[in-house]
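Q: Here you go, start.txt (compact mmCIF, C-alpha atoms):
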```txt
# COMPACT_ATOMS: atom_id res chain seq x y z
CA MET N 551 0.00 0.00 0.00
CA LEU N 552 1.44 3.37 -1.02
CA ASP N 553 1.87 5.91 1.77
CA PRO N 554 1.11 9.35 0.24
CA CYS N 555 3.69 10.98 2.46
CA VAL N 556 4.93 13.67 0.06
CA PRO N 557 3.39 15.65 -2.80
CA VAL N 558 4.17 15.06 -6.47
CA VAL N 559 4.76 17.61 -9.23
CA LEU N 560 4.10 16.63 -12.86
CA LEU N 561 6.07 18.83 -15.29
CA ARG N 562 5.21 19.16 -18.97
CA ILE N 563 6.61 21.91 -21.18
CA ASP N 564 4.88 20.69 -24.37
CA PRO N 565 1.68 22.79 -24.69
CA ASN N 566 -0.47 19.90 -25.99
CA PRO N 567 -3.80 20.27 -24.10
CA PHE N 568 -4.78 16.66 -24.97
CA HIS N 569 -1.80 14.98 -23.29
CA HIS N 570 -3.54 11.97 -21.75
CA GLY N 571 -0.31 10.71 -20.16
CA THR N 572 -0.36 13.65 -17.73
CA LEU N 573 -3.93 12.78 -16.78
CA GLY N 574 -2.94 9.14 -16.27
CA ALA N 575 -0.13 10.12 -13.90
CA ALA N 576 -2.39 12.46 -11.93
CA ARG N 577 -5.01 9.75 -11.53
CA SER N 578 -2.50 7.03 -10.65
CA LEU N 579 -0.97 8.98 -7.78
CA GLY N 580 -4.09 10.89 -6.79
CA ARG N 581 -6.04 7.67 -6.27
CA CYS N 582 -3.44 6.71 -3.67
CA GLY N 583 -4.06 9.94 -1.81
CA ALA N 584 -0.96 11.82 -2.96
CA GLU N 585 -1.19 15.59 -3.37
CA VAL N 586 -0.78 16.13 -7.12
CA HIS N 587 0.47 19.40 -8.62
CA VAL N 588 0.66 19.91 -12.38
CA ALA N 589 2.92 22.44 -14.09
CA ALA N 590 1.95 21.96 -17.71
CA GLY N 591 1.59 23.84 -20.97
CA GLY N 592 -1.89 23.89 -22.47
CA SER N 593 -3.28 23.92 -18.95
CA GLY N 594 -6.66 25.20 -20.15
CA GLY N 595 -7.52 21.80 -21.67
CA PRO N 596 -9.38 18.81 -20.22
CA VAL N 597 -6.60 17.52 -17.92
CA PRO N 598 -7.01 20.14 -15.14
CA ARG N 599 -10.66 19.06 -14.74
CA SER N 600 -9.49 15.93 -12.94
CA ARG N 601 -10.57 15.73 -9.33
CA PHE N 602 -7.21 14.13 -8.49
CA ILE N 603 -5.25 17.31 -9.27
CA THR N 604 -4.68 19.53 -6.25
CA GLN N 605 -3.36 22.57 -8.09
CA VAL N 606 -2.32 23.60 -11.61
CA HIS N 607 0.71 25.89 -11.97
CA PRO N 608 2.05 27.87 -14.95
CA ALA N 609 4.62 25.86 -16.90
CA PRO N 610 7.84 26.98 -18.59
CA ARG N 611 7.16 28.19 -22.12
CA PRO N 612 8.24 25.97 -25.04
CA GLY N 613 11.89 26.71 -25.77
CA ALA N 614 12.46 28.15 -22.29
CA SER N 615 16.05 28.53 -21.13
CA LEU N 616 17.32 26.51 -18.18
CA ASP N 617 17.20 29.64 -16.05
CA GLU N 618 13.51 30.07 -16.90
CA VAL N 619 12.80 26.43 -16.03
CA VAL N 620 14.53 26.80 -12.68
CA ALA N 621 12.60 29.98 -11.93
CA VAL N 622 9.25 28.31 -12.71
CA LEU N 623 10.04 25.24 -10.63
CA ARG N 624 11.23 27.38 -7.72
CA ARG N 625 7.85 29.14 -7.74
CA VAL N 626 6.05 25.78 -7.82
CA ALA N 627 8.20 24.48 -4.95
CA ALA N 628 7.42 27.60 -2.91
CA ARG N 629 3.68 27.03 -3.36
CA VAL N 630 3.93 23.32 -2.55
CA ALA N 631 5.99 24.34 0.50
CA ARG N 632 7.68 20.97 1.08
CA PRO N 633 9.87 18.55 -0.87
CA ALA N 634 7.98 16.78 -3.67
CA VAL N 635 8.61 14.01 -6.18
CA LEU N 636 9.17 15.65 -9.58
CA ILE N 637 8.15 13.65 -12.68
CA PRO N 638 8.73 15.18 -16.14
CA MET N 639 6.10 14.06 -18.65
CA ASP N 640 7.79 15.11 -21.91
CA ASP N 641 11.27 15.06 -23.41
CA ALA N 642 11.88 18.80 -22.98
CA GLY N 643 11.04 18.59 -19.30
CA ALA N 644 13.06 15.40 -18.75
CA ILE N 645 16.14 16.90 -20.39
CA ALA N 646 15.86 20.18 -18.47
CA VAL N 647 15.50 18.32 -15.17
CA SER N 648 18.46 16.10 -16.02
CA ARG N 649 20.65 19.13 -16.75
CA LEU N 650 19.47 20.91 -13.62
CA ARG N 651 19.56 17.97 -11.25
CA ALA N 652 22.18 19.48 -8.90
CA THR N 653 20.06 22.61 -8.44
CA LEU N 654 16.63 20.96 -8.36
CA SER N 655 17.64 18.23 -5.90
CA GLU N 656 17.45 20.89 -3.19
CA LEU N 657 13.73 21.26 -3.91
CA PHE N 658 12.55 17.92 -5.30
CA LEU N 659 13.10 14.18 -4.99
CA LEU N 660 14.77 12.91 -8.19
CA PRO N 661 16.37 9.69 -9.43
CA GLU N 662 20.19 9.50 -9.35
CA GLN N 663 20.55 9.87 -13.11
CA PRO N 664 24.02 10.22 -14.70
CA ALA N 665 24.62 13.73 -16.00
CA HIS N 666 23.19 14.43 -19.48
CA LEU N 667 22.12 10.79 -19.98
CA ALA N 668 18.49 11.75 -20.62
CA GLU N 669 19.58 14.13 -23.37
CA TYR N 670 21.88 11.52 -24.86
CA VAL N 671 19.28 8.76 -25.18
CA ALA N 672 16.55 11.14 -26.40
CA ASP N 673 18.71 12.56 -29.20
CA LYS N 674 17.84 10.47 -32.25
CA ALA N 675 21.15 11.34 -33.88
CA GLU N 676 22.90 9.43 -31.10
CA LEU N 677 20.76 6.29 -31.36
CA PRO N 678 22.60 4.58 -34.23
CA GLU N 679 25.88 4.57 -32.28
CA LEU N 680 24.11 3.67 -29.03
CA CYS N 681 22.52 0.67 -30.72
CA ARG N 682 25.78 -0.40 -32.35
CA SER N 683 27.59 -0.36 -29.02
CA ALA N 684 24.78 -2.35 -27.36
CA GLY N 685 24.41 -4.89 -30.18
CA ILE N 686 20.83 -3.82 -30.93
CA ALA N 687 19.50 -3.48 -34.47
CA HIS N 688 18.73 0.02 -35.74
CA PRO N 689 17.50 1.12 -39.19
CA ARG N 690 20.09 2.51 -41.59
CA THR N 691 20.19 6.25 -40.94
CA VAL N 692 21.70 9.25 -42.74
CA LEU N 693 22.20 12.74 -41.28
CA PRO N 694 22.29 14.90 -44.42
CA ARG N 695 24.70 17.84 -44.36
CA ASP N 696 22.78 19.90 -46.94
CA GLU N 697 19.79 19.78 -49.29
CA PRO N 698 21.49 17.91 -52.17
CA HIS N 699 22.77 15.33 -49.68
CA ALA N 700 19.21 14.91 -48.34
CA ALA N 701 17.90 14.23 -51.84
CA ALA N 702 20.73 11.77 -52.56
CA ALA N 703 20.10 9.96 -49.27
CA VAL N 704 16.46 9.36 -50.21
CA ARG N 705 17.52 7.85 -53.53
CA ASP N 706 20.01 5.62 -51.73
CA LEU N 707 17.70 4.50 -48.91
CA GLY N 708 14.70 3.89 -51.18
CA LEU N 709 11.17 5.19 -50.85
CA PRO N 710 9.43 5.71 -48.56
CA VAL N 711 11.94 7.18 -46.13
CA VAL N 712 11.28 8.07 -42.49
CA ALA N 713 12.28 11.65 -41.67
CA LYS N 714 12.96 12.49 -38.02
CA TRP N 715 14.34 15.43 -36.11
CA SER N 716 17.19 14.61 -33.76
CA ARG N 717 15.84 16.84 -30.97
CA PRO N 718 12.14 17.31 -31.71
CA TRP N 719 11.57 19.19 -28.46
CA LEU N 720 13.48 22.11 -30.04
CA LEU N 721 11.16 22.48 -33.05
CA PRO N 722 9.48 25.90 -32.93
CA PRO N 723 5.74 25.87 -32.20
CA GLY N 724 3.74 26.63 -35.32
CA SER N 725 6.57 25.58 -37.65
CA GLY N 726 4.49 22.72 -39.08
CA LEU N 727 7.44 20.37 -38.58
CA ARG N 728 6.45 17.00 -37.10
CA SER N 729 8.86 14.91 -35.07
CA THR N 730 8.40 11.99 -37.50
CA THR N 731 7.07 11.94 -41.06
CA LEU N 732 7.14 9.67 -44.09
CA VAL N 733 8.95 11.24 -47.04
CA GLY N 734 7.77 10.37 -50.55
CA SER N 735 10.36 12.10 -52.75
CA PRO N 736 13.91 13.52 -52.78
CA GLU N 737 12.44 17.00 -53.19
CA GLU N 738 10.40 16.61 -50.01
CA ALA N 739 13.53 15.64 -48.08
CA SER N 740 15.39 18.69 -49.42
CA SER N 741 12.51 20.93 -48.38
CA LEU N 742 12.50 19.51 -44.86
CA HIS N 743 16.24 20.11 -44.53
CA ARG N 744 15.80 23.72 -45.63
CA ARG N 745 12.87 24.32 -43.24
CA GLY N 746 14.81 22.89 -40.32
CA ARG N 747 17.68 25.36 -40.52
CA GLY N 748 18.23 27.24 -37.29
CA THR N 749 15.96 25.03 -35.18
CA GLY N 750 18.83 23.38 -33.29
CA SER N 751 17.53 19.96 -34.38
CA ARG N 752 19.21 17.93 -37.14
CA LEU N 753 17.25 16.11 -39.83
CA LEU N 754 17.63 12.32 -39.96
CA LEU N 755 16.59 10.21 -42.91
CA GLN N 756 16.00 6.62 -41.96
CA GLU N 757 15.40 3.45 -43.93
CA TYR N 758 11.77 2.42 -43.69
CA VAL N 759 11.44 -0.86 -41.79
CA ALA N 760 8.74 -3.01 -43.37
CA ALA N 761 6.04 -3.69 -40.82
CA GLY N 762 3.56 -6.50 -40.43
CA PRO N 763 0.67 -7.03 -38.01
CA GLY N 764 1.87 -6.67 -34.43
CA SER N 765 5.31 -5.43 -35.46
CA ASP N 766 5.35 -2.18 -33.45
CA TRP N 767 6.40 -2.75 -29.83
CA PHE N 768 7.08 -0.54 -26.84
CA VAL N 769 8.81 -1.31 -23.55
CA HIS N 770 8.13 0.74 -20.44
CA GLY N 771 9.75 0.56 -17.04
CA TYR N 772 11.24 2.33 -14.04
CA ALA N 773 14.85 1.64 -13.07
CA ASP N 774 15.20 2.10 -9.32
CA ARG N 775 18.28 3.21 -7.37
CA HIS N 776 19.78 -0.28 -7.80
CA GLY N 777 18.92 -0.54 -11.51
CA THR N 778 16.09 -3.04 -10.94
CA LEU N 779 13.13 -2.56 -13.30
CA HIS N 780 9.57 -2.09 -12.02
CA GLY N 781 6.13 -1.01 -13.11
CA GLY N 782 6.31 -1.66 -16.85
CA GLY N 783 6.18 -4.36 -19.48
CA THR N 784 6.16 -5.01 -23.22
CA GLY N 785 3.25 -4.08 -25.44
CA THR N 786 2.18 -3.93 -29.06
CA LYS N 787 0.77 -0.94 -30.88
CA GLN N 788 -2.51 -2.15 -32.34
CA HIS N 789 -3.43 1.21 -33.90
CA ALA N 790 -1.44 4.43 -34.29
CA TRP N 791 -2.40 8.05 -34.88
CA PRO N 792 -1.38 9.17 -37.44
CA ARG N 793 -1.33 5.72 -39.02
CA GLY N 794 2.12 4.24 -39.54
CA ALA N 795 4.20 6.83 -37.68
CA GLY N 796 2.18 8.11 -34.75
CA LEU N 797 1.38 7.66 -31.09
CA THR N 798 -0.33 4.60 -29.65
CA ALA N 799 -4.09 4.91 -30.13
CA VAL N 800 -4.72 1.28 -29.08
CA GLY N 801 -2.15 -0.84 -27.27
CA ARG N 802 -2.09 -4.32 -25.78
CA TRP N 803 0.08 -5.83 -23.05
CA ASP N 804 1.91 -8.69 -24.78
CA PRO N 805 4.76 -10.44 -22.94
CA ALA N 806 8.06 -10.62 -24.87
CA PRO N 807 10.78 -12.00 -22.57
CA GLU N 808 13.60 -11.61 -25.09
CA LEU N 809 12.73 -7.97 -25.74
CA SER N 810 12.48 -7.32 -21.99
CA ALA N 811 15.91 -8.88 -21.50
CA THR N 812 17.40 -6.74 -24.29
CA VAL N 813 16.08 -3.56 -22.69
CA GLY N 814 17.25 -4.68 -19.26
CA ARG N 815 20.80 -5.12 -20.56
CA LEU N 816 20.70 -1.73 -22.29
CA VAL N 817 19.43 0.11 -19.20
CA ASP N 818 22.05 -1.62 -17.06
CA ALA N 819 24.89 -0.80 -19.47
CA LEU N 820 23.87 2.88 -19.54
CA GLY N 821 23.45 3.12 -15.79
CA TYR N 822 20.02 4.61 -16.51
CA ARG N 823 17.83 5.48 -13.52
CA GLY N 824 14.24 6.64 -13.79
CA ILE N 825 11.27 6.10 -16.11
CA PHE N 826 11.72 5.16 -19.75
CA ASP N 827 9.65 4.37 -22.85
CA ILE N 828 11.49 2.57 -25.68
CA ASP N 829 9.97 1.88 -29.11
CA PHE N 830 10.83 -1.03 -31.41
CA ARG N 831 9.67 -2.21 -34.82
CA VAL N 832 10.14 -5.81 -35.83
CA ASP N 833 11.42 -6.04 -39.40
CA ALA N 834 8.86 -8.19 -41.22
CA ALA N 835 11.55 -9.49 -43.58
CA THR N 836 14.05 -10.65 -40.93
CA GLY N 837 12.08 -10.87 -37.68
CA THR N 838 14.66 -8.59 -36.03
CA PRO N 839 13.46 -5.94 -33.55
CA CYS N 840 14.94 -2.53 -34.41
CA LEU N 841 15.13 0.16 -31.73
CA LEU N 842 13.51 3.36 -32.98
CA ASP N 843 13.20 5.70 -29.97
CA PHE N 844 14.38 5.95 -26.37
CA ASN N 845 12.21 8.38 -24.40
CA PRO N 846 13.54 9.30 -20.91
CA ARG N 847 10.08 9.81 -19.38
CA PRO N 848 6.70 8.04 -19.13
CA GLY N 849 5.09 7.07 -22.43
CA ALA N 850 1.60 8.50 -22.81
CA GLN N 851 0.19 4.94 -22.68
CA PHE N 852 2.10 3.93 -19.52
CA ARG N 853 -1.13 3.08 -17.69
CA LEU N 854 -1.49 0.03 -19.95
CA PHE N 855 1.00 -1.62 -17.59
CA ALA N 856 -0.86 -0.91 -14.35
CA ASP N 857 -0.72 -4.42 -12.88
CA GLY N 858 -3.02 -6.40 -10.61
CA GLY N 859 -1.78 -4.41 -7.62
CA GLY N 860 -2.07 -1.05 -9.38
CA LEU N 861 1.70 -0.61 -9.78
CA ASP N 862 2.84 1.42 -12.79
CA VAL N 863 5.98 3.41 -13.57
CA VAL N 864 4.95 6.64 -11.82
CA ARG N 865 3.92 4.78 -8.66
CA ALA N 866 7.20 2.86 -8.83
CA GLN N 867 9.17 6.12 -8.97
CA TYR N 868 7.13 7.57 -6.11
CA LEU N 869 7.68 4.50 -3.92
CA ASP N 870 11.40 4.33 -4.69
CA LEU N 871 12.12 8.01 -4.07
CA THR N 872 10.14 8.03 -0.82
CA HIS N 873 12.00 4.87 0.34
CA GLN N 874 8.91 2.67 0.42
CA PRO N 875 9.07 -1.01 -0.59
CA LEU N 876 8.09 -1.84 -4.16
CA PRO N 877 5.69 -4.79 -4.37
CA ALA N 878 6.25 -7.82 -6.58
CA ALA N 879 4.77 -7.44 -10.06
CA ARG N 880 1.35 -8.91 -10.81
CA PRO N 881 1.23 -8.81 -14.64
CA LEU N 882 -2.03 -8.60 -16.58
CA PRO N 883 -1.13 -9.82 -20.09
CA GLY N 884 -3.83 -9.14 -22.65
CA ARG N 885 -4.85 -5.87 -21.03
CA THR N 886 -5.64 -3.07 -23.50
CA PHE N 887 -5.24 0.71 -23.56
CA VAL N 888 -7.43 2.91 -25.76
CA VAL N 889 -7.23 6.63 -26.53
CA GLU N 890 -10.84 7.46 -27.27
CA ASN N 891 -10.34 10.59 -29.38
CA TYR N 892 -7.90 8.78 -31.69
CA ALA N 893 -9.67 5.41 -31.80
CA PRO N 894 -13.38 5.88 -31.00
CA LEU N 895 -14.54 2.69 -32.71
CA SER N 896 -11.93 0.66 -30.83
CA ALA N 897 -13.14 2.22 -27.60
CA LEU N 898 -16.68 1.05 -28.31
CA ARG N 899 -15.48 -2.44 -29.24
CA THR N 900 -13.38 -2.63 -26.07
CA LEU N 901 -16.36 -1.71 -23.92
CA ALA N 902 -18.46 -4.36 -25.64
CA ALA N 903 -15.82 -7.08 -25.22
CA ARG N 904 -14.87 -6.51 -21.60
CA ARG N 905 -16.41 -9.71 -20.26
CA GLY N 906 -13.71 -12.24 -19.33
CA ALA N 907 -10.77 -10.01 -20.35
CA PRO N 908 -8.40 -8.07 -18.05
CA PRO N 909 -9.89 -4.65 -17.26
CA PRO N 910 -8.98 -2.19 -20.03
CA GLU N 911 -7.57 1.27 -19.46
CA PHE N 912 -9.05 4.27 -21.24
CA ALA N 913 -7.03 7.43 -21.66
CA TRP N 914 -9.91 9.73 -20.73
CA HIS N 915 -12.92 7.82 -19.43
CA ALA N 916 -12.90 6.87 -15.75
CA GLN N 917 -15.93 6.24 -13.58
CA ASP N 918 -14.28 7.85 -10.56
CA ASP N 919 -13.14 10.92 -12.55
CA PRO N 920 -15.65 11.69 -15.32
CA ALA N 921 -15.04 15.42 -15.90
CA PRO N 922 -11.89 15.15 -18.10
CA ALA N 923 -13.61 12.82 -20.60
CA ARG N 924 -16.58 15.16 -20.95
CA ALA N 925 -14.29 18.16 -21.39
CA MET N 926 -12.14 16.27 -23.89
CA ALA N 927 -15.16 15.31 -26.03
CA ALA N 928 -16.27 18.93 -26.30
CA ALA N 929 -12.79 20.35 -26.85
CA TRP N 930 -11.80 17.67 -29.38
CA SER N 931 -14.94 18.31 -31.44
CA ARG N 932 -14.07 22.01 -31.58
CA HIS N 933 -10.45 21.17 -32.45
CA ALA N 934 -11.47 18.84 -35.29
CA ALA N 935 -14.00 21.32 -36.66
CA HIS N 936 -11.39 24.09 -36.61
CA ARG N 937 -8.94 21.95 -38.57
CA LEU N 938 -11.61 21.11 -41.13
CA LEU N 939 -12.47 24.76 -41.64
CA ARG N 940 -8.80 25.68 -42.07
CA ARG N 941 -8.18 23.02 -44.72
CA PRO N 942 -7.70 24.76 -48.11
CA ARG N 943 -10.07 24.09 -50.99
CA PRO N 944 -8.95 24.11 -54.65
CA ALA N 945 -10.09 26.87 -56.96
CA PRO N 946 -12.84 26.02 -59.46
CA GLY N 947 -11.38 24.22 -62.46
CA ALA N 948 -8.32 23.04 -60.55
CA PRO N 949 -7.56 19.28 -60.29
CA GLY N 950 -10.01 17.73 -57.83
CA ALA N 951 -12.62 20.45 -58.29
CA ALA N 952 -16.05 19.41 -59.53
CA PRO N 953 -18.12 21.50 -61.94
CA GLY N 954 -20.23 24.07 -60.23
CA GLY N 955 -17.98 24.79 -57.27
CA PRO N 956 -14.88 23.94 -55.29
CA THR N 957 -14.43 20.60 -53.57
CA VAL N 958 -11.79 19.03 -51.37
CA PRO N 959 -9.16 16.88 -53.15
CA ALA N 960 -9.50 13.12 -52.71
CA ALA N 961 -6.43 12.89 -50.45
CA ALA N 962 -7.83 15.58 -48.18
CA VAL N 963 -11.20 13.81 -48.10
CA ARG N 964 -9.52 10.69 -46.73
CA ILE N 965 -7.80 12.69 -43.99
CA THR N 966 -10.95 14.62 -43.19
CA THR N 967 -12.97 11.43 -42.80
CA ALA N 968 -10.43 10.05 -40.34
CA GLU N 969 -10.52 13.28 -38.34
CA ARG N 970 -14.31 13.21 -38.21
CA LYS N 971 -14.18 9.68 -36.81
CA ALA N 972 -11.62 10.74 -34.22
CA SER N 973 -13.81 13.58 -33.01
CA CYS N 974 -16.83 11.39 -32.25
```
Using structure tokens, write down the structure that the file contains.
A:
Amino acid sequence: MLDPCVPVVLLRIDPNPFHHGTLGAARSLGRCGAEVHVAAGGSGGPVPRSRFITQVHPAPRPGASLDEVVAVLRRVAARVARPAVLIPMDDAGAIAVSRLRATLSELFLLPEQPAHLAEYVADKAELPELCRSAGIAHPRTVLPRDEPHAAAAVRDLGLPVVAKWSRPWLLPPGSGLRSTTLVGSPEEASSLHRRGRGTGSRLLLQEYVAAGPGSDWFVHGYADRHGTLHGGGTGTKQHAWPRGAGLTAVGRWDPAPELSATVGRLVDALGYRGIFDIDFRVDAATGTPCLLDFNPRPGAQFRLFADGGGLDVVRAQYLDLTHQPLPAARPLPGRTFVVENYAPLSALRTLAARRGAPPPEFAWHAQDDPAPARAMAAAWSRHAAHRLLRRPRPAPGAPGAAPGGPTVPAAAVRITTAERKASC
């Protein structure tokens, strides 16, 4: 049984108002009686409606300097008025806390993480070498030095190519640059390289790993002060949003002992301490799991791995840092996690098929905390409608336009239909 002896502060610099991982962390610790404070961007969204959140505080702005982050967290600490467990919920927050550990440890309880390790594992430009040194497969990757090199790399790697930014947390808000995209031509790669100048994040072009059903895996866990892993497991991404290169819309807890062992060896070799979320894709041609991302913070779907005793990665960190014993794991293989706004039909099917299966976890819906789901439904409908209204229409007579007036091109119609489904 968790003793809620100290408060917890959830930090998120990313302004996404629909970050369900923050809500999951607030509920997980709030249900145990812990005092939960949230310092998060986009704080006007559905998450602050949770009854398990004690207080919402202003967050550092995206792109804030380390001095700004320290100043914000000092103000939060002054309002909390006693030491608290600090859990970053996004890469920008995790990296800032890692850099500032010596200063913040006077105010918060933090894992004993080696200096700059969070930044190292999160930087996608470092992953190829990290994987080589650990004996883990990684897709062939090129870091183009200029636009012609980007175009040549696409021709060499073969279409489609996965384009990533080495440090996506540095991408300017409103730039239209996504952390991961599929590139369909050499010209598109050159354009991305040009648009990324001055962002502080390098463009990576990566060989596309052929995927089959159940090929996308994620591994979550918390490495305690001794390096022992708790609170996580291995899962498969059943549906993603956007499809093929997006977040987990539907996930399932599927045991994979060999993958767990691989991650355990990697975490041990790095001396990593804290929460992690690592993504793999199994190459359909070879059956080899390729490491794609190492996130030094909770994955948004971490509550999938809440076990039979309620232990998950944020509770594991809380127990470890407050020197409470961590219980033995009670796995629930087959359990599912569904993000309703990204997979509404799957949510309905999951509700209908609950009998006899492990209890599912919904990102928003919770009987003991209904307000965030209601607020999300209203806000997501407005968000989807706004995106539809902003979508450009071709001029009359242009390709895709029907006689008598403008229409939306076929490609846009497919996207629009998916967005309408997601807003239900």
Q: Please determine, counting only C-alpha atoms, which residue among N:Tyr822, N:Trp791, N:Tyr772, N:Trp914 has the shortest atom-to-atom distance to N:Ala866.
A: N:Tyr772
Q: Enter the distance from atom CA of N:Asp804 to atom CA of N:Asp857, in Å, rounded to one decimal.
A: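 So the answer is 12.9 Å.
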Q: Counting only C-alpha atoms, what is within 10 Å of N:Met551, bar same-chain residues fewer than 4 positions away, as a PyMOL selection string?
A: chain N and resi 582+859-861+869+874-877
Q: Hey, which of N:Pro908, N:Gly591, N:Gly801, N:Gly771 ends up closest to N:Gly613? Count all atoms listed in the file.
A: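 Of all the options, N:Gly591 lies closest to N:Gly613.
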Q: Quick one: pull the distance between atom CA of N:Leu854 and atom CA of N:Glu911, Å, one decimal.
A: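 It comes out at 6.2 Å.
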Q: List as a VMD selection string the protein and nucleic acid residues near stretch 596-608 of chain N, meaning an atom at most 8 Å away when all atoms listed in the file are counted, but skip any in the same chain fewer than 4 places from it.
A: chain N and resid 567 to 570 572 to 573 576 to 577 580 to 581 585 to 591 622 626 919 to 923 925 to 926 929
Q: From the list N:Gly821, N:Pro807, N:Pro846, N:Pro736, which residue is nearest N:His770 when using only C-alpha atoms?
A: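 Looking only at the distances to N:His770, the closest residue turns out to be N:Pro846.
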